[in-house]
file upload_21.csv (CSV, C-alpha atoms)
chain,number,residue,atom,x,y,z
A,1,MET,CA,113.6,65.9,92.4
A,2,ILE,CA,110.0,65.6,93.7
A,3,LYS,CA,108.6,68.4,95.8
A,4,ILE,CA,105.5,68.3,98.1
A,5,SER,CA,104.1,71.1,96.1
A,6,ASP,CA,103.9,68.8,93.1
A,7,PHE,CA,101.0,67.0,94.9
A,8,LEU,CA,99.2,70.0,96.4
A,9,ASN,CA,96.9,72.5,94.8
A,10,GLU,CA,97.0,76.3,95.6
A,11,GLU,CA,94.5,76.0,98.4
A,12,GLU,CA,96.4,73.2,100.1
A,13,LEU,CA,99.6,75.1,99.7
A,14,SER,CA,98.0,78.1,101.5
A,15,ARG,CA,96.8,75.9,104.3
A,16,LEU,CA,100.3,74.3,104.7
A,17,ALA,CA,101.9,77.8,104.8
A,18,PHE,CA,99.3,79.0,107.4
A,19,ARG,CA,100.3,76.1,109.6
A,20,THR,CA,104.1,76.3,109.2
A,21,VAL,CA,105.0,80.0,108.7
A,22,ASN,CA,105.7,81.9,111.9
A,23,VAL,CA,106.5,85.5,112.9
A,24,GLY,CA,110.3,86.0,112.6
A,25,ASP,CA,110.8,83.4,109.8
A,26,VAL,CA,112.9,84.6,106.9
A,27,TYR,CA,112.3,83.4,103.4
A,28,GLU,CA,114.0,84.1,100.1
A,29,MET,CA,111.3,84.8,97.6
A,30,THR,CA,110.7,86.3,94.2
A,31,MET,CA,108.8,89.6,94.7
A,32,THR,CA,107.1,92.0,92.3
A,33,GLU,CA,105.3,95.3,92.4
A,34,ALA,CA,102.3,93.3,93.7
A,35,ASN,CA,104.3,92.6,96.9
A,36,GLY,CA,105.5,96.2,97.1
A,37,ILE,CA,108.9,95.7,95.5
A,38,LYS,CA,110.0,97.9,92.5
A,39,PRO,CA,112.1,95.7,90.2
A,40,LYS,CA,115.3,97.1,88.6
A,41,THR,CA,114.8,98.5,85.2
A,42,GLY,CA,114.2,95.8,82.7
A,43,ASP,CA,113.3,93.2,85.3
A,44,LEU,CA,109.8,91.9,86.3
A,45,SER,CA,110.8,90.7,89.8
A,46,ARG,CA,113.6,90.6,92.4
A,47,ASN,CA,114.7,88.0,94.8
A,48,LYS,CA,114.4,89.4,98.3
A,49,TYR,CA,114.8,88.2,101.9
A,50,PHE,CA,111.3,88.6,103.6
A,51,ILE,CA,110.8,88.6,107.3
A,52,VAL,CA,107.3,87.6,108.4
A,53,LEU,CA,105.8,89.9,110.9
A,54,GLY,CA,102.1,89.2,110.8
A,55,PHE,CA,99.2,87.6,109.1
A,56,ASP,CA,95.9,89.0,107.9
A,57,SER,CA,92.8,87.5,109.6
A,58,ASN,CA,91.9,85.4,106.5
A,59,GLY,CA,95.3,83.8,106.0
A,60,ILE,CA,95.3,85.3,102.5
A,61,ALA,CA,98.4,87.5,103.0
A,62,TYR,CA,101.4,87.9,105.2
A,63,GLY,CA,102.8,91.3,106.2
A,64,GLY,CA,106.5,91.7,106.6
A,65,VAL,CA,109.6,93.6,105.8
A,66,ILE,CA,112.6,92.9,103.5
A,67,ILE,CA,116.3,92.9,104.0
A,68,ASN,CA,118.4,95.0,101.7
A,69,SER,CA,122.2,95.0,101.3
A,70,GLN,CA,122.2,98.8,101.5
A,71,ILE,CA,119.9,101.7,102.0
A,72,ASN,CA,118.5,103.3,98.9
A,73,LYS,CA,120.5,106.5,98.5
A,74,ASN,CA,117.5,108.1,96.8
A,75,LEU,CA,115.3,107.9,99.9
A,76,PRO,CA,114.7,111.1,101.8
A,77,ALA,CA,116.8,111.3,105.0
A,78,HIS,CA,113.7,111.0,107.3
A,79,LEU,CA,112.9,107.5,105.7
A,80,LYS,CA,116.5,106.3,105.8
A,81,MET,CA,116.2,106.4,109.6
A,82,PHE,CA,113.8,103.5,109.4
A,83,HIS,CA,116.4,101.0,108.2
A,84,MET,CA,117.6,98.8,111.0
A,85,PRO,CA,121.1,97.3,110.7
A,86,ILE,CA,121.4,93.6,110.8
A,87,LYS,CA,124.7,91.7,111.2
A,88,GLN,CA,125.8,88.7,109.2
A,89,SER,CA,127.7,87.5,112.3
A,90,LYS,CA,124.3,87.1,114.1
A,91,TYR,CA,122.3,85.7,111.1
A,92,PRO,CA,124.5,83.4,109.0
A,93,PHE,CA,122.0,83.2,106.2
A,94,LEU,CA,123.1,86.8,105.3
A,95,CYS,CA,125.9,87.1,102.9
A,96,TYR,CA,127.0,90.4,104.5
A,97,ASP,CA,125.9,93.0,107.0
A,98,SER,CA,122.6,94.4,105.7
A,99,PHE,CA,119.6,96.6,106.6
A,100,VAL,CA,115.9,95.7,107.4
A,101,ASP,CA,113.7,98.1,105.5
A,102,CYS,CA,111.1,99.1,108.1
A,103,VAL,CA,109.6,102.0,106.1
A,104,ARG,CA,106.6,100.1,104.8
A,105,LEU,CA,105.2,96.6,105.2
A,106,LYS,CA,105.4,94.3,102.1
A,107,VAL,CA,103.0,91.6,101.4
A,108,ALA,CA,103.6,87.9,100.6
A,109,PHE,CA,100.9,85.5,99.4
A,110,PRO,CA,100.9,81.9,100.6
A,111,GLN,CA,99.8,80.6,97.2
A,112,LYS,CA,103.5,80.9,96.2
A,113,PHE,CA,104.7,79.1,99.4
A,114,ASN,CA,106.2,76.3,97.3
A,115,GLU,CA,108.5,78.9,95.7
A,116,TRP,CA,109.8,80.3,99.1
A,117,LYS,CA,113.1,79.2,100.5
A,118,PHE,CA,113.3,79.1,104.3
A,119,LEU,CA,116.6,80.8,105.4
A,120,GLY,CA,116.3,81.1,109.1
A,121,LYS,CA,114.7,83.0,111.9
A,122,ILE,CA,115.1,86.5,113.4
A,123,ASP,CA,115.3,86.3,117.2
A,124,GLU,CA,112.4,87.6,119.3
A,125,TYR,CA,114.3,90.7,120.5
A,126,ASP,CA,115.0,91.8,117.0
A,127,VAL,CA,111.5,91.0,115.8
A,128,GLU,CA,110.1,93.3,118.5
A,129,LEU,CA,112.6,96.1,117.4
A,130,ILE,CA,111.6,95.7,113.8
A,131,ILE,CA,107.8,95.8,114.6
A,132,GLY,CA,108.3,98.8,116.8
A,133,THR,CA,110.2,100.6,114.0
A,134,VAL,CA,107.5,99.8,111.4
A,135,LYS,CA,104.9,101.1,113.8
A,136,GLU,CA,106.8,104.4,114.0
A,137,SER,CA,107.3,104.8,110.3
A,138,PRO,CA,105.5,107.8,108.8
A,139,ALA,CA,105.0,105.8,105.6
A,140,GLU,CA,103.0,103.0,107.2
A,141,SER,CA,99.3,103.3,107.9
A,142,GLU,CA,97.4,102.2,111.0
A,143,GLU,CA,95.0,100.3,108.8
A,144,ARG,CA,97.8,98.1,107.4
A,145,LEU,CA,99.3,97.5,110.9
A,146,VAL,CA,95.8,96.4,112.1
A,147,GLN,CA,95.4,94.2,109.0
A,148,PHE,CA,98.5,92.2,109.9
A,149,GLY,CA,97.8,92.1,113.6
A,150,LEU,CA,100.6,94.5,114.5
A,151,LEU,CA,98.3,96.9,116.4

call {"tool": "encode", "arguments": {"input": "upload_21.csv", "output": "structure tokens"}}
result
Amino acid sequence: MIKISDFLNEEELSRLAFRTVNVGDVYEMTMTEANGIKPKTGDLSRNKYFIVLGFDSNGIAYGGVIINSQINKNLPAHLKMFHMPIKQSKYPFLCYDSFVDCVRLKVAFPQKFNEWKFLGKIDEYDVELIIGTVKESPAESEERLVQFGLL
């Protein structure tokens, strides 16, 4: 199967992503520690559902949050509060009811856009709730919020 990415270099893929990726879009992508994801022991990466919330001014990186099937039981209670429930009945791309991790923004890089799988879109109301929750998180910095246009 031929993919458009077979004909585009990294810079062209970044430009394509910049023109097509929107706030609220959800992508399945392989993420590593470079994205802010800690892989399970023995793994180098994890597949995660990433919700785009903002873009840096240079189009080099996208800020967003991930969807987890459950809240990490090792998190302190004050951070568990920053996990927003999300229903599979509202978002059919989910396999089950899950949680949006609003503790800290994760980063995605458009150079890997050809490896992202578009899953769907979070509605505007929920995007605003997610952004508001991220802004309130004690683990997120004002600098990063500004970087991705969320302040």

call {"tool": "residues_around", "arguments": {"input": "upload_21.csv", "residues": "A:His83", "least_positions_apart": "5", "cutoff": "8 Å", "atoms": "only C-alpha atoms", "output": "list in words"}}
result
Ile71, Phe99, Val100, Asp101, Cys102 and Val103 of chain A

call {"tool": "closest_atom_pairs", "arguments": {"input": "upload_21.csv", "of": "stretch 80-121 of chain A", "to": "stretch 143-146 of chain A", "cutoff": "12 Å", "atoms": "all atoms listed in the file", "output": "Markdown table"}}
result
| residue | atom | partner | partner_atom | distance |
| --- | --- | --- | --- | --- |
| A:Arg104 | CA | A:Arg144 | CA | 9.4 |
| A:Leu105 | CA | A:Arg144 | CA | 7.9 |
| A:Lys106 | CA | A:Arg144 | CA | 10.0 |
| A:Val107 | CA | A:Arg144 | CA | 10.3 |

call {"tool": "atom_distance", "arguments": {"input": "upload_21.csv", "atom1": "atom CA of A:Ser69", "atom2": "atom CA of A:Lys135"}}
result
22.2 Å

call {"tool": "atom_distance", "arguments": {"input": "upload_21.csv", "atom1": "atom CA of A:Lys121", "atom2": "atom CA of A:Gly54"}}
result
14.1 Å

call {"tool": "closest_atom_pairs", "arguments": {"input": "upload_21.csv", "of": "stretch 48-138 of chain A", "to": "stretch 20-36 of chain A", "cutoff": "9 Å", "atoms": "all atoms listed in the file", "output": "JSON lines"}}
result
{"residue": "A:Lys48", "atom": "CA", "partner": "A:Met29", "partner_atom": "CA", "distance": 5.6}
{"residue": "A:Tyr49", "atom": "CA", "partner": "A:Glu28", "partner_atom": "CA", "distance": 4.5}
{"residue": "A:Phe50", "atom": "CA", "partner": "A:Tyr27", "partner_atom": "CA", "distance": 5.3}
{"residue": "A:Ile51", "atom": "CA", "partner": "A:Val26", "partner_atom": "CA", "distance": 4.5}
{"residue": "A:Val52", "atom": "CA", "partner": "A:Val23", "partner_atom": "CA", "distance": 5.0}
{"residue": "A:Leu53", "atom": "CA", "partner": "A:Val23", "partner_atom": "CA", "distance": 4.9}
{"residue": "A:Gly54", "atom": "CA", "partner": "A:Val23", "partner_atom": "CA", "distance": 6.1}
{"residue": "A:Phe55", "atom": "CA", "partner": "A:Val23", "partner_atom": "CA", "distance": 8.5}
{"residue": "A:Gly64", "atom": "CA", "partner": "A:Val23", "partner_atom": "CA", "distance": 8.8}
{"residue": "A:Ile66", "atom": "CA", "partner": "A:Val26", "partner_atom": "CA", "distance": 9.0}
{"residue": "A:Arg104", "atom": "CA", "partner": "A:Gly36", "partner_atom": "CA", "distance": 8.7}
{"residue": "A:Leu105", "atom": "CA", "partner": "A:Gly36", "partner_atom": "CA", "distance": 8.1}
{"residue": "A:Lys106", "atom": "CA", "partner": "A:Gly36", "partner_atom": "CA", "distance": 5.3}
{"residue": "A:Val107", "atom": "CA", "partner": "A:Asn35", "partner_atom": "CA", "distance": 4.8}
{"residue": "A:Ala108", "atom": "CA", "partner": "A:Asn35", "partner_atom": "CA", "distance": 6.0}
{"residue": "A:Phe109", "atom": "CA", "partner": "A:Asn35", "partner_atom": "CA", "distance": 8.3}
{"residue": "A:Lys112", "atom": "CA", "partner": "A:Met29", "partner_atom": "CA", "distance": 8.8}
{"residue": "A:Phe113", "atom": "CA", "partner": "A:Met29", "partner_atom": "CA", "distance": 8.9}
{"residue": "A:Glu115", "atom": "CA", "partner": "A:Met29", "partner_atom": "CA", "distance": 6.8}
{"residue": "A:Trp116", "atom": "CA", "partner": "A:Met29", "partner_atom": "CA", "distance": 5.0}
{"residue": "A:Lys117", "atom": "CA", "partner": "A:Glu28", "partner_atom": "CA", "distance": 5.0}
{"residue": "A:Phe118", "atom": "CA", "partner": "A:Tyr27", "partner_atom": "CA", "distance": 4.5}
{"residue": "A:Leu119", "atom": "CA", "partner": "A:Tyr27", "partner_atom": "CA", "distance": 5.4}
{"residue": "A:Gly120", "atom": "CA", "partner": "A:Val26", "partner_atom": "CA", "distance": 5.4}
{"residue": "A:Lys121", "atom": "CA", "partner": "A:Asp25", "partner_atom": "CA", "distance": 4.4}
{"residue": "A:Ile122", "atom": "CA", "partner": "A:Gly24", "partner_atom": "CA", "distance": 4.9}
{"residue": "A:Asp123", "atom": "CA", "partner": "A:Gly24", "partner_atom": "CA", "distance": 6.8}
{"residue": "A:Glu124", "atom": "CA", "partner": "A:Gly24", "partner_atom": "CA", "distance": 7.2}
{"residue": "A:Asp126", "atom": "CA", "partner": "A:Gly24", "partner_atom": "CA", "distance": 8.7}
{"residue": "A:Val127", "atom": "CA", "partner": "A:Gly24", "partner_atom": "CA", "distance": 6.1}

call {"tool": "atom_distance", "arguments": {"input": "upload_21.csv", "atom1": "atom CA of A:Lys40", "atom2": "atom CA of A:Ile67"}}
result
16.0 Å
